[in-house]
Every structure is written in C-alpha cells, then in structure tokens.
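Reproduced below: query_6.pdb, with PDB, C-alpha atoms.
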ATOM      1  CA  MET A 675      18.970  27.331  -6.784
ATOM      2  CA  ASP A 676      18.263  30.954  -5.892
ATOM      3  CA  ASN A 677      16.162  33.663  -7.548
ATOM      4  CA  ILE A 678      18.973  34.741  -9.877
ATOM      5  CA  ASP A 679      19.364  31.159 -11.157
ATOM      6  CA  ARG A 680      15.604  30.943 -11.650
ATOM      7  CA  LYS A 681      15.565  34.235 -13.537
ATOM      8  CA  MET A 682      18.435  33.055 -15.750
ATOM      9  CA  ILE A 683      16.541  29.874 -16.577
ATOM     10  CA  ALA A 684      13.336  31.794 -17.363
ATOM     11  CA  LEU A 685      15.197  34.200 -19.646
ATOM     12  CA  LEU A 686      16.976  31.387 -21.490
ATOM     13  CA  GLU A 687      13.749  29.449 -21.953
ATOM     14  CA  ALA A 688      12.254  32.501 -23.633
ATOM     15  CA  GLU A 689      15.410  33.468 -25.590
ATOM     16  CA  ALA A 690      18.032  30.742 -25.707
ATOM     17  CA  ARG A 691      20.246  32.785 -28.017
ATOM     18  CA  LEU A 692      21.036  35.436 -25.398
ATOM     19  CA  THR A 693      24.729  36.042 -25.036
ATOM     20  CA  VAL A 694      26.254  35.731 -21.579
ATOM     21  CA  THR A 695      26.704  39.527 -21.608
ATOM     22  CA  GLU A 696      22.993  40.097 -22.353
ATOM     23  CA  LEU A 697      21.984  37.523 -19.763
ATOM     24  CA  ALA A 698      24.232  39.107 -17.141
ATOM     25  CA  GLN A 699      22.723  42.545 -17.790
ATOM     26  CA  ARG A 700      19.168  41.249 -17.468
ATOM     27  CA  VAL A 701      19.802  39.458 -14.160
ATOM     28  CA  GLY A 702      21.956  42.241 -12.707
ATOM     29  CA  LEU A 703      25.317  40.455 -12.554
ATOM     30  CA  SER A 704      28.672  41.064 -14.127
ATOM     31  CA  VAL A 705      29.660  38.684 -16.917
ATOM     32  CA  ALA A 706      32.080  36.427 -14.990
ATOM     33  CA  PRO A 707      29.695  35.452 -12.142
ATOM     34  CA  CYS A 708      26.831  35.046 -14.619
ATOM     35  CA  HIS A 709      28.984  32.754 -16.764
ATOM     36  CA  ARG A 710      29.951  30.664 -13.707
ATOM     37  CA  ARG A 711      26.310  30.310 -12.675
ATOM     38  CA  LEU A 712      25.305  29.364 -16.208
ATOM     39  CA  ARG A 713      27.993  26.662 -16.428
ATOM     40  CA  GLU A 714      26.954  25.323 -13.022
ATOM     41  CA  LEU A 715      23.288  25.161 -14.099
ATOM     42  CA  GLU A 716      24.411  23.222 -17.183
ATOM     43  CA  ARG A 717      26.752  20.957 -15.201
ATOM     44  CA  ALA A 718      24.046  20.187 -12.635
ATOM     45  CA  GLY A 719      21.565  19.320 -15.386
ATOM     46  CA  ALA A 720      19.104  22.122 -14.648
ATOM     47  CA  ILE A 721      19.761  23.301 -18.219
ATOM     48  CA  ARG A 722      19.961  20.243 -20.442
ATOM     49  CA  GLY A 723      20.511  21.915 -23.798
ATOM     50  CA  TYR A 724      19.543  24.617 -26.275
ATOM     51  CA  ARG A 725      17.348  24.160 -29.335
ATOM     52  CA  ALA A 726      15.685  25.975 -32.192
ATOM     53  CA  VAL A 727      11.885  25.848 -32.286
ATOM     54  CA  VAL A 728      10.990  24.560 -35.759
ATOM     55  CA  ASP A 729       7.685  24.867 -37.622
ATOM     56  CA  PRO A 730       6.785  21.273 -38.595
ATOM     57  CA  ALA A 731       4.740  22.457 -41.596
ATOM     58  CA  ALA A 732       7.876  24.100 -43.026
ATOM     59  CA  LEU A 733       9.428  20.607 -43.064
ATOM     60  CA  GLY A 734       6.387  19.065 -44.742
ATOM     61  CA  LEU A 735       5.187  17.515 -41.471
ATOM     62  CA  GLY A 736       1.885  19.303 -40.984
ATOM     63  CA  PHE A 737      -0.091  16.296 -39.709
ATOM     64  CA  GLU A 738       0.108  15.410 -36.017
ATOM     65  CA  ALA A 739      -1.543  12.698 -34.002
ATOM     66  CA  LEU A 740      -1.538  11.788 -30.340
ATOM     67  CA  VAL A 741      -1.227   8.040 -30.129
ATOM     68  CA  SER A 742      -2.235   6.059 -27.061
ATOM     69  CA  VAL A 743      -0.615   2.638 -26.780
ATOM     70  CA  THR A 744      -1.868  -0.104 -24.489
ATOM     71  CA  MET A 745       0.520  -2.985 -23.986
ATOM     72  CA  ASP A 746      -0.372  -6.654 -24.197
ATOM     73  CA  ARG A 747       2.403  -7.610 -21.759
ATOM     74  CA  GLU A 748       4.235  -5.468 -19.253
ATOM     75  CA  ASP A 749       7.150  -7.659 -18.271
ATOM     76  CA  ALA A 750      10.513  -5.897 -18.053
ATOM     77  CA  ARG A 751      11.869  -7.369 -21.295
ATOM     78  CA  THR A 752       8.813  -6.368 -23.360
ATOM     79  CA  ILE A 753       8.846  -2.841 -21.946
ATOM     80  CA  THR A 754      12.572  -2.483 -22.646
ATOM     81  CA  ASP A 755      12.181  -3.842 -26.185
ATOM     82  CA  PHE A 756       9.204  -1.558 -26.866
ATOM     83  CA  GLU A 757      10.934   1.562 -25.529
ATOM     84  CA  ASN A 758      14.126   0.781 -27.453
ATOM     85  CA  ALA A 759      12.079   0.283 -30.632
ATOM     86  CA  LEU A 760      10.448   3.708 -30.164
ATOM     87  CA  GLU A 761      13.878   5.279 -30.587
ATOM     88  CA  SER A 762      14.053   4.054 -34.195
ATOM     89  CA  VAL A 763      10.714   5.571 -35.264
ATOM     90  CA  ARG A 764      11.751   9.014 -36.494
ATOM     91  CA  GLU A 765       8.177  10.323 -36.761
ATOM     92  CA  ILE A 766       7.706  10.099 -32.977
ATOM     93  CA  ARG A 767       8.282  13.584 -31.536
ATOM     94  CA  ASP A 768       7.534  12.737 -27.892
ATOM     95  CA  ALA A 769       6.956   9.478 -26.065
ATOM     96  CA  GLU A 770       5.861   9.160 -22.463
ATOM     97  CA  ARG A 771       5.189   6.140 -20.282
ATOM     98  CA  LEU A 772       2.085   6.638 -18.149
ATOM     99  CA  PHE A 773       0.557   5.122 -15.037
ATOM    100  CA  GLY A 774      -2.776   3.475 -15.785
ATOM    101  CA  ASP A 775      -4.356   3.047 -19.196
ATOM    102  CA  PRO A 776      -3.053   3.769 -21.775
ATOM    103  CA  ASP A 777       0.493   2.704 -21.026
ATOM    104  CA  TYR A 778       2.156   5.172 -23.433
ATOM    105  CA  LEU A 779       1.322   8.457 -25.103
ATOM    106  CA  LEU A 780       3.155   9.354 -28.310
ATOM    107  CA  ARG A 781       3.133  12.568 -30.339
ATOM    108  CA  VAL A 782       3.696  11.735 -33.991
ATOM    109  CA  ALA A 783       4.331  14.061 -36.958
ATOM    110  CA  THR A 784       3.893  13.005 -40.593
ATOM    111  CA  ALA A 785       3.175  14.682 -43.936
ATOM    112  CA  ASP A 786      -0.496  13.726 -44.076
ATOM    113  CA  ILE A 787      -3.085  11.209 -42.920
ATOM    114  CA  ALA A 788      -2.026   8.631 -45.528
ATOM    115  CA  SER A 789       1.563   8.795 -44.245
ATOM    116  CA  TYR A 790       0.285   8.422 -40.707
ATOM    117  CA  GLN A 791      -1.827   5.396 -41.677
ATOM    118  CA  ARG A 792       1.256   3.660 -43.130
ATOM    119  CA  LEU A 793       3.303   4.534 -40.039
ATOM    120  CA  ARG A 794       0.570   3.210 -37.756
ATOM    121  CA  ASP A 795       0.055  -0.039 -39.641
ATOM    122  CA  GLU A 796       3.652  -0.813 -40.656
ATOM    123  CA  LYS A 797       5.649   0.437 -37.689
ATOM    124  CA  LEU A 798       3.639   1.299 -34.574
ATOM    125  CA  ALA A 799       1.338  -1.740 -34.653
ATOM    126  CA  THR A 800       4.334  -4.059 -35.068
ATOM    127  CA  LEU A 801       6.260  -2.812 -32.038
ATOM    128  CA  PRO A 802       6.897  -5.414 -29.292
ATOM    129  CA  GLY A 803       4.010  -6.028 -26.907
ATOM    130  CA  VAL A 804       1.427  -3.671 -28.461
ATOM    131  CA  ARG A 805      -2.177  -4.703 -27.818
ATOM    132  CA  ARG A 806      -4.102  -1.579 -28.839
ATOM    133  CA  ILE A 807      -3.377   1.733 -30.553
ATOM    134  CA  THR A 808      -5.773   4.663 -30.378
ATOM    135  CA  SER A 809      -5.081   7.734 -32.489
ATOM    136  CA  THR A 810      -6.368  11.259 -31.973
ATOM    137  CA  ILE A 811      -5.708  13.854 -34.656
ATOM    138  CA  VAL A 812      -4.336  17.177 -33.411
ATOM    139  CA  MET A 813      -6.597  19.938 -34.702
ATOM    140  CA  LYS A 814      -4.693  22.906 -33.266
ATOM    141  CA  ARG A 815      -2.041  23.497 -30.625
ATOM    142  CA  ILE A 816      -3.216  25.961 -28.003
ATOM    143  CA  VAL A 817      -0.292  26.008 -25.554
ATOM    144  CA  GLU A 818       3.129  25.046 -26.829
ATOM    145  CA  HIS A 819       6.677  25.424 -25.516
ATOM    146  CA  ARG A 820       5.489  27.244 -22.394
ATOM    147  CA  PRO A 821       8.389  27.940 -20.038
ATOM    148  CA  TYR A 822       8.328  26.147 -16.713
ATOM    149  CA  PRO A 823       7.195  28.276 -13.774
ATOM    150  CA  THR A 824      10.419  29.329 -12.070
ATOM    151  CA  SER A 825       9.187  31.479  -9.216
ATOM    152  CA  SER A 826       9.485  29.910  -5.786
TER     153      SER A 826
END
Go ahead and express the file in the form of structure tokens.
Amino acid sequence: MDNIDRKMIALLEAEARLTVTELAQRVGLSVAPCHRRLRELERAGAIRGYRAVVDPAALGLGFEALVSVTMDREDARTITDFENALESVREIRDAERLFGDPDYLLRVATADIASYQRLRDEKLATLPGVRRITSTIVMKRIVEHRPYPTSS
C-alpha cells in the first residue's frame, strides 16, 4: 500500500459517496488507474464496505450502554455458543472479546432505560456462560467514527 492508496482510503472514510471521478481528481490520478486501485483495495479487504452514518435518536434508539460481560466458563464450546448468541441480539451495536477481565465489551442501543433493563434481564443475562454483567450508561460520545490514521 503506497501513499496514493492511503490517501484514497482517508478520503473515502471521510466521504464514502465520492464518485471514482472525484476520488481520482483528489488523489491526482486519471479515472482508470484510480478505479483499478479502488477495486484492488476492495478485493484485498483494505476497504470492507461502505455505510451511511445514522443518528440512533432518529430511529428511537437514544439510550446507549456499554456492557461488560464476564464469563463463568471459557471452554471453546461456551465461547462459541455465547458469540453465536450475540449475533441474534439486534440491540448490540458492537461486541468485542477482550484479554483479561471483563471478557467482552458490548455497545447496546435501546429506546430508553426500561427497554435496556428488559434486554439485560431477558436476553443478555441468559446468554450461555455469563457470570456477571456490568452496565455503564453512555452520557455523551466525544469521539466517534474517527478515520484511521493512514499516514506512514
């Protein structure tokens, strides 16, 4: 990956709706080579997709919590079952497995605290292998959707 590829990635992270023509102009290439580079970045997995950034409050999901999960058991089957079960919980926005304690960190979005309480008690607490759940309410996001540093 060279500086032009890095610049293309940075531009697309900031404005994913750029046309190939606009992207080519901004990185100083003609359209055909820019298009080839873009397809190669996608093929290689450096660019995994394109998305709209949505305001959760506009969808009625203005309550967020960070949920720490500590597992009771950490055998391979329990971990696999737990991680597969996370996929079915639509309110989970992000889920990460961590080294140390807690074992997992989840970002959850619901309508309000009552909705979160039901989700916590009826779904999260019943997932395979869960020993402890600790919830922290998100007061305000300070840094969000920051592009990755692309300079070498």
*Contacts of region 756-765 of chain A at 6 Å (all atoms listed in the file; same-chain gap of 4+ positions) as a ChimeraX atom specification*: /A:752,782-783,802
Shell of 9 Å around region 699-712 of chain A, only C-alpha atoms, local chain residues under 5 positions omitted, as a PDB file with C-alpha atoms, in the frame of the given file:
ATOM      1  CA  ILE A 678      18.973  34.741  -9.877  1.00  0.00           C
ATOM      2  CA  ASP A 679      19.364  31.159 -11.157  1.00  0.00           C
ATOM      3  CA  LYS A 681      15.565  34.235 -13.537  1.00  0.00           C
ATOM      4  CA  MET A 682      18.435  33.055 -15.750  1.00  0.00           C
ATOM      5  CA  ILE A 683      16.541  29.874 -16.577  1.00  0.00           C
ATOM      6  CA  LEU A 685      15.197  34.200 -19.646  1.00  0.00           C
ATOM      7  CA  VAL A 694      26.254  35.731 -21.579  1.00  0.00           C
ATOM      8  CA  ARG A 717      26.752  20.957 -15.201  1.00  0.00           C
ATOM      9  CA  ILE A 721      19.761  23.301 -18.219  1.00  0.00           C
TER      10      ILE A 721
END
Can you list every residue of region 788-814 of chain A that has an atom at most 9 Å from region 732-746 of chain A, with its nearest atom pair and the distance in Å to one decimal, using all atoms listed in the file, ordered by chain then number, as a tab-separated table?
residue	atom	partner	partner_atom	distance
A:Ser789	CA	A:Phe737	CA	8.9
A:Tyr790	CA	A:Phe737	CA	7.9
A:Leu798	CA	A:Val743	CA	9.0
A:Pro802	CA	A:Met745	CA	8.6
A:Gly803	CA	A:Asp746	CA	5.2
A:Val804	CA	A:Met745	CA	4.6
A:Arg805	CA	A:Asp746	CA	4.5
A:Arg806	CA	A:Thr744	CA	5.1
A:Ile807	CA	A:Val743	CA	4.8
A:Thr808	CA	A:Ser742	CA	5.0
A:Ser809	CA	A:Val741	CA	4.5
A:Thr810	CA	A:Leu740	CA	5.1
A:Ile811	CA	A:Ala739	CA	4.4
A:Val812	CA	A:Ala739	CA	5.3
A:Met813	CA	A:Glu738	CA	8.2
*Which residues match the PyMOL selection byres ((chain A and resi 726) around 12) in the file above, as a list in words?*
Glu687, Ala688, Glu689, Ala690, Arg691, Gly723, Tyr724, Arg725, Val727, Val728, Asp729, Pro730 and His819 of chain A
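The space between CA of Asp755 (chain A) and CA of Leu801 (chain A) spans 8.4 Å.
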*Provide the CA of Arg815 (chain A) to CA of Arg792 (chain A) distance in Å, to one decimal place.*
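CA of Arg792 (chain A) lies 23.7 Å from CA of Arg815 (chain A).
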*What is the CA of Ala720 (chain A)-CA of Tyr778 (chain A) distance in Å, reported with one decimal?*
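Straight-line distance from CA of Ala720 (chain A) to CA of Tyr778 (chain A) works out to 25.5 Å.
Each of A:Glu818, A:Glu696, A:Glu748, A:Glu796 was compared to Gly774 (chain A) using all atoms listed in the file, and A:Glu748 turns out to be the nearest.
Restricting the calculation to only C-alpha atoms, the smallest distance between Arg722 (chain A) and any of A:Leu772, A:Asp777, A:Asp676, A:Leu686 is found for A:Leu686.
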*Which residue gives the smallest distance to Asp768 (chain A) among A:Ile787, A:Val817, A:Ala750, A:Leu780, with all atoms listed in the file counted?*
A:Leu780
*asked:* Residues within 9 Å of Thr824 (chain A), please, as a list in words. Count only C-alpha atoms; anything in the same chain fewer than 2 positions from it doesn't count.
replied: Asn677, Arg680, Lys681, Ile683, Ala684, Pro821, Tyr822 and Ser826 of chain A
Take region 690-702 of chain A, bring it up to N, CA and C atoms, and give me the output as an mmCIF file, in the frame of the given file.
data_model
loop_
_atom_site.group_PDB
_atom_site.id
_atom_site.type_symbol
_atom_site.label_atom_id
_atom_site.label_comp_id
_atom_site.auth_asym_id
_atom_site.auth_seq_id
_atom_site.Cartn_x
_atom_site.Cartn_y
_atom_site.Cartn_z
ATOM 1 N N ALA A 690 16.838 31.558 -25.919
ATOM 2 C CA ALA A 690 18.032 30.742 -25.707
ATOM 3 C C ALA A 690 19.274 31.303 -26.383
ATOM 4 N N ARG A 691 19.101 32.242 -27.294
ATOM 5 C CA ARG A 691 20.246 32.785 -28.017
ATOM 6 C C ARG A 691 20.858 34.010 -27.336
ATOM 7 N N LEU A 692 20.424 34.325 -26.124
ATOM 8 C CA LEU A 692 21.036 35.436 -25.398
ATOM 9 C C LEU A 692 22.519 35.160 -25.200
ATOM 10 N N THR A 693 23.315 36.191 -25.366
ATOM 11 C CA THR A 693 24.729 36.042 -25.036
ATOM 12 C C THR A 693 24.878 36.102 -23.522
ATOM 13 N N VAL A 694 26.003 35.661 -23.023
ATOM 14 C CA VAL A 694 26.254 35.731 -21.579
ATOM 15 C C VAL A 694 26.223 37.187 -21.128
ATOM 16 N N THR A 695 26.719 38.099 -21.948
ATOM 17 C CA THR A 695 26.704 39.527 -21.608
ATOM 18 C C THR A 695 25.281 40.036 -21.463
ATOM 19 N N GLU A 696 24.398 39.678 -22.428
ATOM 20 C CA GLU A 696 22.993 40.097 -22.353
ATOM 21 C C GLU A 696 22.301 39.473 -21.143
ATOM 22 N N LEU A 697 22.572 38.211 -20.912
ATOM 23 C CA LEU A 697 21.984 37.523 -19.763
ATOM 24 C C LEU A 697 22.427 38.180 -18.462
ATOM 25 N N ALA A 698 23.702 38.463 -18.352
ATOM 26 C CA ALA A 698 24.232 39.107 -17.141
ATOM 27 C C ALA A 698 23.554 40.452 -16.894
ATOM 28 N N GLN A 699 23.382 41.243 -17.941
ATOM 29 C CA GLN A 699 22.723 42.545 -17.790
ATOM 30 C C GLN A 699 21.299 42.390 -17.293
ATOM 31 N N ARG A 700 20.584 41.426 -17.828
ATOM 32 C CA ARG A 700 19.168 41.249 -17.468
ATOM 33 C C ARG A 700 18.976 40.716 -16.053
ATOM 34 N N VAL A 701 19.948 39.975 -15.527
ATOM 35 C CA VAL A 701 19.802 39.458 -14.160
ATOM 36 C C VAL A 701 20.554 40.306 -13.140
ATOM 37 N N GLY A 702 21.271 41.335 -13.621
ATOM 38 C CA GLY A 702 21.956 42.241 -12.707
ATOM 39 C C GLY A 702 23.269 41.723 -12.156
#
